[in-house]
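See below for protein-v9.cif, which holds mmCIF, N, CA and C atoms.
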```cif
data_input
loop_
_atom_site.label_atom_id
_atom_site.label_comp_id
_atom_site.auth_asym_id
_atom_site.auth_seq_id
_atom_site.Cartn_x
_atom_site.Cartn_y
_atom_site.Cartn_z
N MET A 1 -128.95 -45.42 84.94
CA MET A 1 -127.52 -45.50 85.02
C MET A 1 -127.04 -44.76 86.27
N VAL A 2 -126.22 -45.43 87.08
CA VAL A 2 -125.71 -44.88 88.32
C VAL A 2 -124.26 -44.44 88.11
N ILE A 3 -123.97 -43.18 88.45
CA ILE A 3 -122.60 -42.65 88.33
C ILE A 3 -122.02 -42.53 89.74
N HIS A 4 -120.89 -43.20 89.96
CA HIS A 4 -120.23 -43.16 91.26
C HIS A 4 -119.12 -42.12 91.24
N LYS A 5 -119.08 -41.31 92.27
CA LYS A 5 -118.02 -40.31 92.40
C LYS A 5 -117.13 -40.69 93.57
N GLY A 6 -115.84 -40.39 93.44
CA GLY A 6 -114.91 -40.67 94.52
C GLY A 6 -113.85 -41.67 94.10
N PHE A 7 -113.09 -42.10 95.09
CA PHE A 7 -111.98 -43.02 94.85
C PHE A 7 -112.28 -44.34 95.52
N THR A 8 -111.75 -45.39 94.96
CA THR A 8 -111.88 -46.69 95.61
C THR A 8 -110.75 -46.82 96.63
N LEU A 9 -110.91 -47.75 97.52
CA LEU A 9 -109.89 -47.98 98.55
C LEU A 9 -108.56 -48.39 97.89
N LEU A 10 -108.63 -49.17 96.85
CA LEU A 10 -107.42 -49.60 96.15
C LEU A 10 -106.67 -48.40 95.55
N GLU A 11 -107.37 -47.48 94.95
CA GLU A 11 -106.74 -46.28 94.39
C GLU A 11 -106.07 -45.45 95.48
N LEU A 12 -106.72 -45.29 96.62
CA LEU A 12 -106.13 -44.55 97.74
C LEU A 12 -104.87 -45.25 98.26
N MET A 13 -104.91 -46.56 98.36
CA MET A 13 -103.75 -47.31 98.85
C MET A 13 -102.57 -47.19 97.89
N ILE A 14 -102.82 -47.16 96.60
CA ILE A 14 -101.76 -46.99 95.62
C ILE A 14 -101.12 -45.61 95.76
N VAL A 15 -101.93 -44.58 95.93
CA VAL A 15 -101.41 -43.22 96.11
C VAL A 15 -100.57 -43.14 97.38
N ILE A 16 -101.05 -43.73 98.46
CA ILE A 16 -100.31 -43.70 99.73
C ILE A 16 -98.99 -44.46 99.59
N ALA A 17 -98.99 -45.57 98.89
CA ALA A 17 -97.75 -46.34 98.68
C ALA A 17 -96.75 -45.53 97.87
N VAL A 18 -97.19 -44.86 96.83
CA VAL A 18 -96.29 -44.04 96.01
C VAL A 18 -95.72 -42.90 96.84
N LEU A 19 -96.55 -42.24 97.64
CA LEU A 19 -96.06 -41.16 98.49
C LEU A 19 -95.06 -41.68 99.53
N GLY A 20 -95.30 -42.86 100.07
CA GLY A 20 -94.37 -43.46 101.03
C GLY A 20 -93.02 -43.74 100.41
N ILE A 21 -93.03 -44.25 99.19
CA ILE A 21 -91.77 -44.52 98.49
C ILE A 21 -91.01 -43.23 98.22
N LEU A 22 -91.72 -42.21 97.77
CA LEU A 22 -91.07 -40.92 97.52
C LEU A 22 -90.48 -40.33 98.79
N ALA A 23 -91.22 -40.42 99.89
CA ALA A 23 -90.72 -39.91 101.17
C ALA A 23 -89.49 -40.69 101.63
N ALA A 24 -89.52 -42.00 101.45
CA ALA A 24 -88.38 -42.83 101.86
C ALA A 24 -87.12 -42.49 101.06
N LEU A 25 -87.28 -42.08 99.84
CA LEU A 25 -86.14 -41.68 99.02
C LEU A 25 -85.68 -40.27 99.33
N ALA A 26 -86.59 -39.38 99.63
CA ALA A 26 -86.26 -37.96 99.82
C ALA A 26 -85.69 -37.67 101.21
N TYR A 27 -86.13 -38.35 102.25
CA TYR A 27 -85.74 -38.01 103.61
C TYR A 27 -84.23 -38.14 103.85
N PRO A 28 -83.56 -39.22 103.43
CA PRO A 28 -82.10 -39.28 103.63
C PRO A 28 -81.35 -38.16 102.91
N SER A 29 -81.79 -37.78 101.73
CA SER A 29 -81.15 -36.67 101.02
C SER A 29 -81.33 -35.37 101.79
N TYR A 30 -82.50 -35.18 102.36
CA TYR A 30 -82.77 -33.99 103.15
C TYR A 30 -81.86 -33.96 104.39
N GLN A 31 -81.72 -35.10 105.07
CA GLN A 31 -80.87 -35.17 106.25
C GLN A 31 -79.42 -34.84 105.89
N ASN A 32 -78.93 -35.36 104.77
CA ASN A 32 -77.56 -35.06 104.34
C ASN A 32 -77.41 -33.58 104.02
N TYR A 33 -78.42 -32.99 103.42
CA TYR A 33 -78.39 -31.56 103.12
C TYR A 33 -78.31 -30.74 104.41
N VAL A 34 -79.09 -31.11 105.41
CA VAL A 34 -79.08 -30.40 106.69
C VAL A 34 -77.70 -30.50 107.33
N LYS A 35 -77.10 -31.69 107.30
CA LYS A 35 -75.76 -31.87 107.88
C LYS A 35 -74.72 -31.03 107.15
N ARG A 36 -74.78 -31.01 105.82
CA ARG A 36 -73.83 -30.19 105.05
C ARG A 36 -74.00 -28.71 105.38
N THR A 37 -75.25 -28.28 105.51
CA THR A 37 -75.52 -26.88 105.83
C THR A 37 -74.94 -26.50 107.18
N LYS A 38 -75.10 -27.36 108.17
CA LYS A 38 -74.56 -27.08 109.50
C LYS A 38 -73.04 -27.12 109.50
N ARG A 39 -72.45 -27.98 108.66
CA ARG A 39 -70.99 -28.02 108.56
C ARG A 39 -70.47 -26.73 107.94
N VAL A 40 -71.13 -26.23 106.90
CA VAL A 40 -70.72 -24.97 106.27
C VAL A 40 -70.87 -23.81 107.24
N ASP A 41 -71.93 -23.83 108.05
CA ASP A 41 -72.11 -22.79 109.06
C ASP A 41 -70.96 -22.84 110.07
N ALA A 42 -70.57 -24.04 110.48
CA ALA A 42 -69.45 -24.18 111.41
C ALA A 42 -68.16 -23.68 110.79
N GLN A 43 -67.96 -23.94 109.51
CA GLN A 43 -66.76 -23.45 108.83
C GLN A 43 -66.73 -21.92 108.84
N ALA A 44 -67.87 -21.30 108.61
CA ALA A 44 -67.94 -19.84 108.65
C ALA A 44 -67.63 -19.32 110.05
N GLN A 45 -68.13 -20.02 111.07
CA GLN A 45 -67.85 -19.62 112.45
C GLN A 45 -66.35 -19.74 112.75
N LEU A 46 -65.73 -20.82 112.26
CA LEU A 46 -64.29 -21.01 112.49
C LEU A 46 -63.48 -19.90 111.84
N VAL A 47 -63.85 -19.50 110.64
CA VAL A 47 -63.15 -18.40 109.97
C VAL A 47 -63.33 -17.11 110.76
N GLY A 48 -64.52 -16.88 111.28
CA GLY A 48 -64.76 -15.70 112.11
C GLY A 48 -63.93 -15.70 113.38
N ILE A 49 -63.81 -16.86 114.01
CA ILE A 49 -62.97 -16.95 115.21
C ILE A 49 -61.51 -16.72 114.85
N ALA A 50 -61.07 -17.24 113.72
CA ALA A 50 -59.68 -17.03 113.27
C ALA A 50 -59.42 -15.54 113.06
N GLN A 51 -60.39 -14.83 112.52
CA GLN A 51 -60.23 -13.38 112.34
C GLN A 51 -60.15 -12.68 113.70
N LYS A 52 -60.93 -13.16 114.67
CA LYS A 52 -60.85 -12.58 116.01
C LYS A 52 -59.51 -12.88 116.66
N MET A 53 -58.94 -14.04 116.35
CA MET A 53 -57.61 -14.38 116.87
C MET A 53 -56.57 -13.41 116.30
N THR A 54 -56.71 -13.08 115.03
CA THR A 54 -55.80 -12.11 114.41
C THR A 54 -55.93 -10.74 115.08
N SER A 55 -57.15 -10.34 115.35
CA SER A 55 -57.37 -9.07 116.06
C SER A 55 -56.76 -9.12 117.46
N TYR A 56 -56.87 -10.26 118.13
CA TYR A 56 -56.28 -10.43 119.45
C TYR A 56 -54.76 -10.26 119.37
N LYS A 57 -54.15 -10.85 118.34
CA LYS A 57 -52.70 -10.73 118.19
C LYS A 57 -52.30 -9.28 117.94
N LEU A 58 -53.07 -8.58 117.12
CA LEU A 58 -52.76 -7.17 116.86
C LEU A 58 -52.87 -6.34 118.13
N ALA A 59 -53.85 -6.63 118.95
CA ALA A 59 -54.07 -5.85 120.17
C ALA A 59 -53.06 -6.21 121.26
N ASN A 60 -52.60 -7.48 121.31
CA ASN A 60 -51.75 -7.94 122.40
C ASN A 60 -50.31 -8.27 121.99
N GLY A 61 -50.00 -8.17 120.72
CA GLY A 61 -48.65 -8.44 120.26
C GLY A 61 -48.35 -9.91 119.97
N SER A 62 -49.19 -10.81 120.46
CA SER A 62 -49.00 -12.24 120.19
C SER A 62 -50.32 -12.96 120.50
N PHE A 63 -50.32 -14.26 120.25
CA PHE A 63 -51.48 -15.08 120.60
C PHE A 63 -51.43 -15.55 122.05
N TYR A 64 -50.36 -15.19 122.75
CA TYR A 64 -50.13 -15.68 124.11
C TYR A 64 -51.35 -15.40 125.00
N GLY A 65 -51.85 -16.45 125.63
CA GLY A 65 -52.95 -16.31 126.58
C GLY A 65 -54.34 -16.24 125.97
N ALA A 66 -54.45 -16.35 124.67
CA ALA A 66 -55.77 -16.31 124.05
C ALA A 66 -56.55 -17.58 124.39
N ASP A 67 -57.82 -17.44 124.63
CA ASP A 67 -58.68 -18.61 124.81
C ASP A 67 -60.05 -18.32 124.20
N LEU A 68 -60.86 -19.36 124.06
CA LEU A 68 -62.14 -19.22 123.38
C LEU A 68 -63.11 -18.29 124.10
N VAL A 69 -63.06 -18.27 125.43
CA VAL A 69 -63.97 -17.40 126.17
C VAL A 69 -63.64 -15.93 125.89
N LYS A 70 -62.35 -15.61 125.85
CA LYS A 70 -61.93 -14.23 125.54
C LYS A 70 -62.26 -13.87 124.09
N ILE A 71 -62.02 -14.80 123.20
CA ILE A 71 -62.13 -14.51 121.77
C ILE A 71 -63.56 -14.64 121.26
N TYR A 72 -64.24 -15.72 121.60
CA TYR A 72 -65.53 -16.07 121.00
C TYR A 72 -66.68 -16.01 122.01
N GLY A 73 -66.37 -16.11 123.28
CA GLY A 73 -67.40 -16.04 124.31
C GLY A 73 -67.99 -17.39 124.70
N GLN A 74 -67.64 -18.44 123.98
CA GLN A 74 -68.13 -19.78 124.31
C GLN A 74 -67.24 -20.83 123.66
N ASN A 75 -67.45 -22.07 123.99
CA ASN A 75 -66.63 -23.13 123.41
C ASN A 75 -67.48 -24.14 122.62
N GLN A 76 -68.58 -23.66 122.08
CA GLN A 76 -69.46 -24.49 121.26
C GLN A 76 -70.01 -23.67 120.11
N ILE A 77 -70.36 -24.38 119.04
CA ILE A 77 -71.08 -23.74 117.94
C ILE A 77 -72.50 -24.23 118.02
N LYS A 78 -73.42 -23.28 118.10
CA LYS A 78 -74.84 -23.63 118.21
C LYS A 78 -75.56 -23.24 116.93
N ASN A 79 -76.51 -24.06 116.56
CA ASN A 79 -77.35 -23.80 115.39
C ASN A 79 -78.79 -23.96 115.86
N SER A 80 -79.52 -22.87 115.89
CA SER A 80 -80.90 -22.88 116.38
C SER A 80 -80.97 -23.42 117.81
N SER A 81 -80.12 -22.92 118.68
CA SER A 81 -80.01 -23.29 120.09
C SER A 81 -79.63 -24.75 120.31
N GLN A 82 -79.23 -25.44 119.26
CA GLN A 82 -78.77 -26.82 119.36
C GLN A 82 -77.27 -26.85 119.11
N VAL A 83 -76.52 -27.47 120.02
CA VAL A 83 -75.07 -27.55 119.86
C VAL A 83 -74.75 -28.53 118.73
N THR A 84 -73.97 -28.06 117.76
CA THR A 84 -73.59 -28.92 116.63
C THR A 84 -72.11 -29.28 116.67
N TYR A 85 -71.28 -28.42 117.26
CA TYR A 85 -69.84 -28.69 117.35
C TYR A 85 -69.31 -28.18 118.69
N ASN A 86 -68.39 -28.93 119.28
CA ASN A 86 -67.61 -28.46 120.42
C ASN A 86 -66.31 -27.91 119.89
N LEU A 87 -65.88 -26.79 120.44
CA LEU A 87 -64.65 -26.13 119.99
C LEU A 87 -63.51 -26.39 120.96
N HIS A 88 -62.32 -26.51 120.40
CA HIS A 88 -61.11 -26.64 121.22
C HIS A 88 -60.01 -25.79 120.58
N LEU A 89 -59.45 -24.90 121.37
CA LEU A 89 -58.32 -24.08 120.94
C LEU A 89 -57.08 -24.60 121.62
N SER A 90 -56.05 -24.89 120.85
CA SER A 90 -54.81 -25.39 121.44
C SER A 90 -54.25 -24.38 122.43
N ASP A 91 -53.44 -24.87 123.34
CA ASP A 91 -52.84 -24.02 124.38
C ASP A 91 -51.95 -22.96 123.74
N THR A 92 -52.23 -21.71 124.00
CA THR A 92 -51.43 -20.62 123.41
C THR A 92 -50.41 -20.06 124.40
N SER A 93 -50.35 -20.61 125.62
CA SER A 93 -49.42 -20.07 126.60
C SER A 93 -48.12 -20.86 126.69
N SER A 94 -48.10 -22.09 126.21
CA SER A 94 -46.87 -22.88 126.35
C SER A 94 -46.07 -22.96 125.06
N ASP A 95 -46.63 -22.53 123.94
CA ASP A 95 -45.94 -22.62 122.66
C ASP A 95 -45.11 -21.36 122.44
N PRO A 96 -43.79 -21.50 122.34
CA PRO A 96 -42.95 -20.30 122.17
C PRO A 96 -43.19 -19.58 120.84
N THR A 97 -43.72 -20.28 119.85
CA THR A 97 -44.00 -19.62 118.58
C THR A 97 -45.37 -18.97 118.59
N HIS A 98 -46.13 -19.23 119.62
CA HIS A 98 -47.47 -18.67 119.76
C HIS A 98 -48.39 -19.04 118.60
N SER A 99 -48.24 -20.25 118.15
CA SER A 99 -49.15 -20.74 117.11
C SER A 99 -50.39 -21.32 117.78
N TRP A 100 -51.40 -21.57 117.01
CA TRP A 100 -52.63 -22.14 117.55
C TRP A 100 -53.34 -22.97 116.49
N MET A 101 -54.21 -23.85 116.99
CA MET A 101 -55.06 -24.65 116.12
C MET A 101 -56.43 -24.73 116.78
N LEU A 102 -57.44 -24.40 115.99
CA LEU A 102 -58.81 -24.44 116.47
C LEU A 102 -59.51 -25.64 115.82
N THR A 103 -60.09 -26.49 116.66
CA THR A 103 -60.74 -27.71 116.18
C THR A 103 -62.21 -27.70 116.59
N ALA A 104 -63.05 -28.09 115.63
CA ALA A 104 -64.49 -28.24 115.89
C ALA A 104 -64.83 -29.73 115.79
N THR A 105 -65.27 -30.29 116.91
CA THR A 105 -65.63 -31.71 116.97
C THR A 105 -67.15 -31.83 116.91
N PRO A 106 -67.67 -32.63 115.97
CA PRO A 106 -69.12 -32.72 115.83
C PRO A 106 -69.79 -33.45 116.99
N VAL A 107 -70.98 -32.97 117.35
CA VAL A 107 -71.81 -33.60 118.38
C VAL A 107 -73.25 -33.67 117.88
N GLY A 108 -74.06 -34.43 118.57
CA GLY A 108 -75.48 -34.53 118.20
C GLY A 108 -75.66 -35.17 116.84
N MET A 109 -76.52 -34.58 116.05
CA MET A 109 -76.79 -35.15 114.73
C MET A 109 -75.62 -34.99 113.76
N GLN A 110 -74.62 -34.18 114.12
CA GLN A 110 -73.46 -33.99 113.26
C GLN A 110 -72.39 -35.08 113.44
N VAL A 111 -72.57 -35.95 114.43
CA VAL A 111 -71.60 -37.01 114.67
C VAL A 111 -71.42 -37.83 113.39
N LYS A 112 -70.19 -38.23 113.16
CA LYS A 112 -69.77 -39.01 111.98
C LYS A 112 -69.77 -38.18 110.69
N THR A 113 -69.71 -36.86 110.83
CA THR A 113 -69.57 -36.01 109.65
C THR A 113 -68.15 -35.48 109.51
N GLY A 114 -67.29 -35.75 110.48
CA GLY A 114 -65.90 -35.34 110.42
C GLY A 114 -65.61 -34.05 111.15
N ALA A 115 -64.46 -34.01 111.79
CA ALA A 115 -64.03 -32.81 112.51
C ALA A 115 -63.49 -31.77 111.53
N LEU A 116 -63.51 -30.52 111.97
CA LEU A 116 -63.00 -29.40 111.18
C LEU A 116 -61.90 -28.71 111.98
N SER A 117 -60.93 -28.14 111.28
CA SER A 117 -59.90 -27.37 111.99
C SER A 117 -59.40 -26.24 111.11
N ILE A 118 -58.85 -25.25 111.78
CA ILE A 118 -58.17 -24.13 111.13
C ILE A 118 -57.02 -23.74 112.06
N ASP A 119 -55.90 -23.33 111.48
CA ASP A 119 -54.76 -22.97 112.32
C ASP A 119 -54.31 -21.53 112.08
N HIS A 120 -53.23 -21.14 112.76
CA HIS A 120 -52.74 -19.76 112.70
C HIS A 120 -52.26 -19.37 111.31
N GLN A 121 -51.98 -20.35 110.46
CA GLN A 121 -51.55 -20.05 109.10
C GLN A 121 -52.72 -20.04 108.12
N GLY A 122 -53.92 -20.31 108.61
CA GLY A 122 -55.10 -20.32 107.76
C GLY A 122 -55.37 -21.65 107.08
N GLN A 123 -54.62 -22.69 107.43
CA GLN A 123 -54.85 -24.01 106.83
C GLN A 123 -56.14 -24.59 107.37
N GLN A 124 -57.02 -24.95 106.46
CA GLN A 124 -58.33 -25.48 106.81
C GLN A 124 -58.37 -26.96 106.49
N CYS A 125 -58.76 -27.76 107.48
CA CYS A 125 -58.82 -29.21 107.30
C CYS A 125 -60.19 -29.74 107.68
N TRP A 126 -60.61 -30.74 106.91
CA TRP A 126 -61.83 -31.49 107.24
C TRP A 126 -61.41 -32.94 107.31
N TYR A 127 -61.53 -33.53 108.48
CA TYR A 127 -61.17 -34.92 108.70
C TYR A 127 -62.42 -35.78 108.51
N LYS A 128 -62.68 -36.15 107.28
CA LYS A 128 -63.94 -36.81 106.91
C LYS A 128 -64.18 -38.12 107.65
N GLU A 129 -63.13 -38.90 107.85
CA GLU A 129 -63.31 -40.24 108.41
C GLU A 129 -63.39 -40.27 109.93
N THR A 130 -62.96 -39.21 110.59
CA THR A 130 -62.95 -39.23 112.05
C THR A 130 -63.60 -37.96 112.61
N ASP A 131 -64.09 -38.09 113.83
CA ASP A 131 -64.68 -36.94 114.50
C ASP A 131 -63.69 -36.25 115.42
N ASP A 132 -62.41 -36.50 115.20
CA ASP A 132 -61.37 -35.74 115.88
C ASP A 132 -60.34 -35.31 114.82
N ALA A 133 -59.42 -34.48 115.22
CA ALA A 133 -58.48 -33.92 114.26
C ALA A 133 -57.31 -34.87 114.02
N SER A 134 -57.62 -36.05 113.52
CA SER A 134 -56.59 -37.01 113.15
C SER A 134 -56.98 -37.62 111.81
N GLY A 135 -56.02 -38.13 111.13
CA GLY A 135 -56.33 -38.73 109.84
C GLY A 135 -55.94 -37.82 108.70
N VAL A 136 -56.58 -38.04 107.58
CA VAL A 136 -56.27 -37.32 106.35
C VAL A 136 -56.96 -35.96 106.35
N CYS A 137 -56.18 -34.93 106.06
CA CYS A 137 -56.71 -33.57 105.97
C CYS A 137 -57.24 -33.33 104.56
N SER A 138 -58.54 -33.13 104.45
CA SER A 138 -59.16 -32.80 103.17
C SER A 138 -59.56 -31.33 103.19
N ALA A 139 -59.66 -30.74 102.02
CA ALA A 139 -60.09 -29.34 101.93
C ALA A 139 -61.55 -29.20 102.36
N TRP A 140 -61.88 -28.04 102.90
CA TRP A 140 -63.28 -27.80 103.31
C TRP A 140 -64.24 -27.90 102.13
N SER A 141 -63.76 -27.61 100.94
CA SER A 141 -64.64 -27.60 99.77
C SER A 141 -64.91 -29.00 99.22
N ASP A 142 -64.22 -30.03 99.72
CA ASP A 142 -64.47 -31.40 99.26
C ASP A 142 -65.88 -31.81 99.64
N LYS A 143 -66.41 -32.76 98.90
CA LYS A 143 -67.78 -33.24 99.18
C LYS A 143 -67.76 -34.57 99.85
#
```
So that I can check it, write out the structure of this file as structure tokens.
Amino acid sequence: MVIHKGFTLLELMIVIAVLGILAALAYPSYQNYVKRTKRVDAQAQLVGIAQKMTSYKLANGSFYGADLVKIYGQNQIKNSSQVTYNLHLSDTSSDPTHSWMLTATPVGMQVKTGALSIDHQGQQCWYKETDDASGVCSAWSDK
């Protein structure tokens, strides 16, 4: 009596097919998770910049003349040396009320995830359908 050890080619092909199907299902979920994580990181950065804007107002009496280089040191949000959002701060020198709005526009793999904004009153918006600050303002906590 001969005893064979090992796997047949058919058994190996079945295992590889099952693993391929599992990977095909898992990869898009992973990509969405990564995008959500980077969006939450950008939201935290925007809140931090808003706090620095408040400190700027306390030190200077108003928001007049504030810009991203003075406040944040750059005009992009980077995640692992990769730019995920471009930042834009509204002009603070021409508005007599000295209000401001900070907008984060997605770039790279974050494109089509929606722009984020925060303003001088603390209103936080996520524009899910567009990558600019137009359209319907949804809460940051929306999914």
(request) Step by step: start from the point (-71.2, -34.1, 117.1) in the file's coordinates, keep every protein, DNA or RNA residue that has an atom no farther than 12 Å from it, count only C-alpha atoms, and write the set as JSON, numbers by chain. (result) {"A": [35, 38, 39, 42, 76, 77, 78, 82, 83, 84, 85, 86, 87, 104, 105, 106, 107, 108, 109, 110, 111, 112, 113, 114, 115, 116, 130, 131, 132]}
Limited to N, CA and C atoms, could you put the picked residues into a file as a compact mmCIF listing (two decimals), keeping the file's coordinate frame?
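Result file is again.txt:
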```txt
# COMPACT_ATOMS: atom_id res chain seq x y z
N LYS A 35 -77.10 -31.69 107.30
CA LYS A 35 -75.76 -31.87 107.88
C LYS A 35 -74.72 -31.03 107.15
N LYS A 38 -75.10 -27.36 108.17
CA LYS A 38 -74.56 -27.08 109.50
C LYS A 38 -73.04 -27.12 109.50
N ARG A 39 -72.45 -27.98 108.66
CA ARG A 39 -70.99 -28.02 108.56
C ARG A 39 -70.47 -26.73 107.94
N ALA A 42 -70.57 -24.04 110.48
CA ALA A 42 -69.45 -24.18 111.41
C ALA A 42 -68.16 -23.68 110.79
N GLN A 76 -68.58 -23.66 122.08
CA GLN A 76 -69.46 -24.49 121.26
C GLN A 76 -70.01 -23.67 120.11
N ILE A 77 -70.36 -24.38 119.04
CA ILE A 77 -71.08 -23.74 117.94
C ILE A 77 -72.50 -24.23 118.02
N LYS A 78 -73.42 -23.28 118.10
CA LYS A 78 -74.84 -23.63 118.21
C LYS A 78 -75.56 -23.24 116.93
N GLN A 82 -79.23 -25.44 119.26
CA GLN A 82 -78.77 -26.82 119.36
C GLN A 82 -77.27 -26.85 119.11
N VAL A 83 -76.52 -27.47 120.02
CA VAL A 83 -75.07 -27.55 119.86
C VAL A 83 -74.75 -28.53 118.73
N THR A 84 -73.97 -28.06 117.76
CA THR A 84 -73.59 -28.92 116.63
C THR A 84 -72.11 -29.28 116.67
N TYR A 85 -71.28 -28.42 117.26
CA TYR A 85 -69.84 -28.69 117.35
C TYR A 85 -69.31 -28.18 118.69
N ASN A 86 -68.39 -28.93 119.28
CA ASN A 86 -67.61 -28.46 120.42
C ASN A 86 -66.31 -27.91 119.89
N LEU A 87 -65.88 -26.79 120.44
CA LEU A 87 -64.65 -26.13 119.99
C LEU A 87 -63.51 -26.39 120.96
N ALA A 104 -63.05 -28.09 115.63
CA ALA A 104 -64.49 -28.24 115.89
C ALA A 104 -64.83 -29.73 115.79
N THR A 105 -65.27 -30.29 116.91
CA THR A 105 -65.63 -31.71 116.97
C THR A 105 -67.15 -31.83 116.91
N PRO A 106 -67.67 -32.63 115.97
CA PRO A 106 -69.12 -32.72 115.83
C PRO A 106 -69.79 -33.45 116.99
N VAL A 107 -70.98 -32.97 117.35
CA VAL A 107 -71.81 -33.60 118.38
C VAL A 107 -73.25 -33.67 117.88
N GLY A 108 -74.06 -34.43 118.57
CA GLY A 108 -75.48 -34.53 118.20
C GLY A 108 -75.66 -35.17 116.84
N MET A 109 -76.52 -34.58 116.05
CA MET A 109 -76.79 -35.15 114.73
C MET A 109 -75.62 -34.99 113.76
N GLN A 110 -74.62 -34.18 114.12
CA GLN A 110 -73.46 -33.99 113.26
C GLN A 110 -72.39 -35.08 113.44
N VAL A 111 -72.57 -35.95 114.43
CA VAL A 111 -71.60 -37.01 114.67
C VAL A 111 -71.42 -37.83 113.39
N LYS A 112 -70.19 -38.23 113.16
CA LYS A 112 -69.77 -39.01 111.98
C LYS A 112 -69.77 -38.18 110.69
N THR A 113 -69.71 -36.86 110.83
CA THR A 113 -69.57 -36.01 109.65
C THR A 113 -68.15 -35.48 109.51
N GLY A 114 -67.29 -35.75 110.48
CA GLY A 114 -65.90 -35.34 110.42
C GLY A 114 -65.61 -34.05 111.15
N ALA A 115 -64.46 -34.01 111.79
CA ALA A 115 -64.03 -32.81 112.51
C ALA A 115 -63.49 -31.77 111.53
N LEU A 116 -63.51 -30.52 111.97
CA LEU A 116 -63.00 -29.40 111.18
C LEU A 116 -61.90 -28.71 111.98
N THR A 130 -62.96 -39.21 110.59
CA THR A 130 -62.95 -39.23 112.05
C THR A 130 -63.60 -37.96 112.61
N ASP A 131 -64.09 -38.09 113.83
CA ASP A 131 -64.68 -36.94 114.50
C ASP A 131 -63.69 -36.25 115.42
N ASP A 132 -62.41 -36.50 115.20
CA ASP A 132 -61.37 -35.74 115.88
C ASP A 132 -60.34 -35.31 114.82
```
(message) Can you tell me, as an MDAnalysis selection string, which residues in stretch 12-95 of chain A count as strand (DSSP E or B) by DSSP?
(response) chainID A and resid 76:79 82:89
(request) Can you work out the spacing between atom C of A:Val136 and atom CA of A:Lys57 in Å, to one decimal? (result)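 Value for the atom C of A:Val136-atom CA of A:Lys57 distance: 28.2 Å.
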(request) Apply the PyMOL selection byres (((chain A and resi 62 and name CA) around 12) and name CA) to the displayed file and report the matching residues as number ranges by chain. (result) A: 53-61, 63-66, 92-93, 95-100, 120
(request) Give me, please, the distance in Å between atom CA of A:Gln123 and atom CA of A:His88, quoted to one decimal. (result) 15.9 Å
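Atom pair atom CA of A:Met101 / atom CA of A:Ile118: separated by 5.9 Å.
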